[in-house]
Amino acid sequence: MCNLQYEVVQRRNAEEMSPSGRVPFIKCGAFLISELEPLMSFLENKGISLSGDLDTLTKSDMRAYMSLMNTVLANAELYVTWVDRDTYNQVTKPRNSSVHPWPLGWILTAKKRRRVLKRLGALNWLDKSVQQVYEEVDSCCTALSERLDDNKYFFGDKPTELDAVVFAHIFTILTTPLPNNQFAATVRCYPKLVDHCMRIEKEYFSENKTEVRAMLEN
């Protein structure tokens, strides 16, 4: 969205290379930057920002919605991926462990699961039932859909960091097959969010295979 040149490099130990232990991250010269907020600050210091034209009040509004994404959708994804037994055993565990030989892959996956459960427990998400999690997702989608209204993007005709974050989460939810499709079904109840996701995928990732768009449409 910032029209910057970049190259995607796959590494088995990417999480260990990341300063925060989370992926993706970028290497720019001597700098390693992981997660969105530090990346936004890094680019802003170089005069690059998607939200540079917004006034202070609108920027605060944007950051409030980004916080909503982090506290609801991000935690819901962790819950479904690492807490729900069927998803963990059928999807998360095989995928996460596949890049390492057995039994190392299983050991590292089990360690990561303990870290995720500890985080969700500290945020009181482990006390929620899976239905309560989907209710949280539904409320979040309602707020986002109402804010998007009939606009092309959340704050007018140009995308901001919020559009990037929403796209990342919605795209992942809609295109990742799970044993239980209620997560994606909940999001599909909000056609404005689905259209927003398809619009960004088409405008910024047009080189992707057509099968991906079919998954979004279905």
# chains A, B, ... in the order shown; residues from 1 in each chain; ligands from 1

call {"tool": "closest_atom_pairs", "arguments": {"of": "region 70-105 of chain A", "to": "region 145-168 of chain A", "cutoff": "12 Å", "atoms": "only C-alpha atoms", "output": "CSV"}}
result
residue,atom,partner,partner_atom,distance
A:Asn70,CA,A:Val165,CA,9.1
A:Val72,CA,A:Val166,CA,11.7
A:Leu73,CA,A:Val166,CA,9.2
A:Ala74,CA,A:Val165,CA,10.2
A:Glu77,CA,A:Ala168,CA,11.9

call {"tool": "closest_atom_pairs", "arguments": {"of": "region 3-23 of chain A", "to": "region 36-49 of chain A", "cutoff": "12 Å", "atoms": "only C-alpha atoms", "output": "Markdown table"}}
result
| residue | atom | partner | partner_atom | distance |
| --- | --- | --- | --- | --- |
| A:Asn3 | CA | A:Ile48 | CA | 10.0 |
| A:Leu4 | CA | A:Ile48 | CA | 9.6 |
| A:Pro19 | CA | A:Pro38 | CA | 10.9 |
| A:Ser20 | CA | A:Pro38 | CA | 10.6 |
| A:Arg22 | CA | A:Leu36 | CA | 10.8 |
| A:Val23 | CA | A:Leu36 | CA | 10.3 |

call {"tool": "write_last_selection", "arguments": {"atoms": "C-alpha atoms", "output": "mmCIF file, in the first residue's frame"}}
result
data_model
loop_
_atom_site.group_PDB
_atom_site.id
_atom_site.type_symbol
_atom_site.label_atom_id
_atom_site.label_comp_id
_atom_site.auth_asym_id
_atom_site.auth_seq_id
_atom_site.Cartn_x
_atom_site.Cartn_y
_atom_site.Cartn_z
ATOM 1 C CA ASN A 3 4.386 1.274 -2.807
ATOM 2 C CA LEU A 4 7.681 0.161 -1.265
ATOM 3 C CA PRO A 19 12.897 -9.320 17.722
ATOM 4 C CA SER A 20 9.491 -9.989 19.317
ATOM 5 C CA ARG A 22 6.398 -13.004 16.068
ATOM 6 C CA VAL A 23 6.156 -13.038 12.303
#

call {"tool": "select_by_dssp", "arguments": {"residues": "chain A", "states": "strand (DSSP E or B)", "output": "list in words"}}
result
Phe25, Ile26, Lys27, Cys28, Phe31, Leu32, Ile33, Ser34, Tyr153 and Gly156 of chain A

call {"tool": "select_by_dssp", "arguments": {"residues": "region 61-146 of chain A", "states": "alpha helix (DSSP H)", "output": "ChimeraX atom specification"}}
result
/A:61-68,74-78,85-87,93-97,104-122,130-146

call {"tool": "atom_distance", "arguments": {"atom1": "CA of Pro94 (chain A)", "atom2": "CA of Trp106 (chain A)"}}
result
8.4 Å

call {"tool": "closest_atom_pairs", "arguments": {"of": "region 21-94 of chain A", "to": "region 130-133 of chain A", "cutoff": "12 Å", "atoms": "only C-alpha atoms", "output": "Markdown table"}}
result
| residue | atom | partner | partner_atom | distance |
| --- | --- | --- | --- | --- |
| A:Thr71 | CA | A:Val133 | CA | 11.6 |
| A:Val72 | CA | A:Val133 | CA | 8.5 |
| A:Leu73 | CA | A:Val133 | CA | 9.3 |
| A:Ala74 | CA | A:Val133 | CA | 11.2 |
| A:Asn75 | CA | A:Val133 | CA | 8.9 |
| A:Ala76 | CA | A:Val133 | CA | 6.1 |
| A:Glu77 | CA | A:Val133 | CA | 9.4 |
| A:Leu78 | CA | A:Val133 | CA | 10.6 |
| A:Tyr79 | CA | A:Val133 | CA | 8.0 |
| A:Val80 | CA | A:Val130 | CA | 7.8 |
| A:Thr81 | CA | A:Val130 | CA | 11.4 |
| A:Trp82 | CA | A:Val130 | CA | 11.9 |
| A:Val83 | CA | A:Val130 | CA | 9.1 |
| A:Asp84 | CA | A:Val130 | CA | 7.7 |
| A:Arg85 | CA | A:Val130 | CA | 10.9 |
| A:Thr87 | CA | A:Val130 | CA | 12.0 |

call {"tool": "closest_residue", "arguments": {"among": "A:Cys141, A:Val99, A:Leu32, A:Leu54", "to": "Arg12 (chain A)", "atoms": "only C-alpha atoms"}}
result
A:Val99

call {"tool": "atom_distance", "arguments": {"atom1": "CA of Leu178 (chain A)", "atom2": "CA of Met17 (chain A)"}}
result
28.4 Å
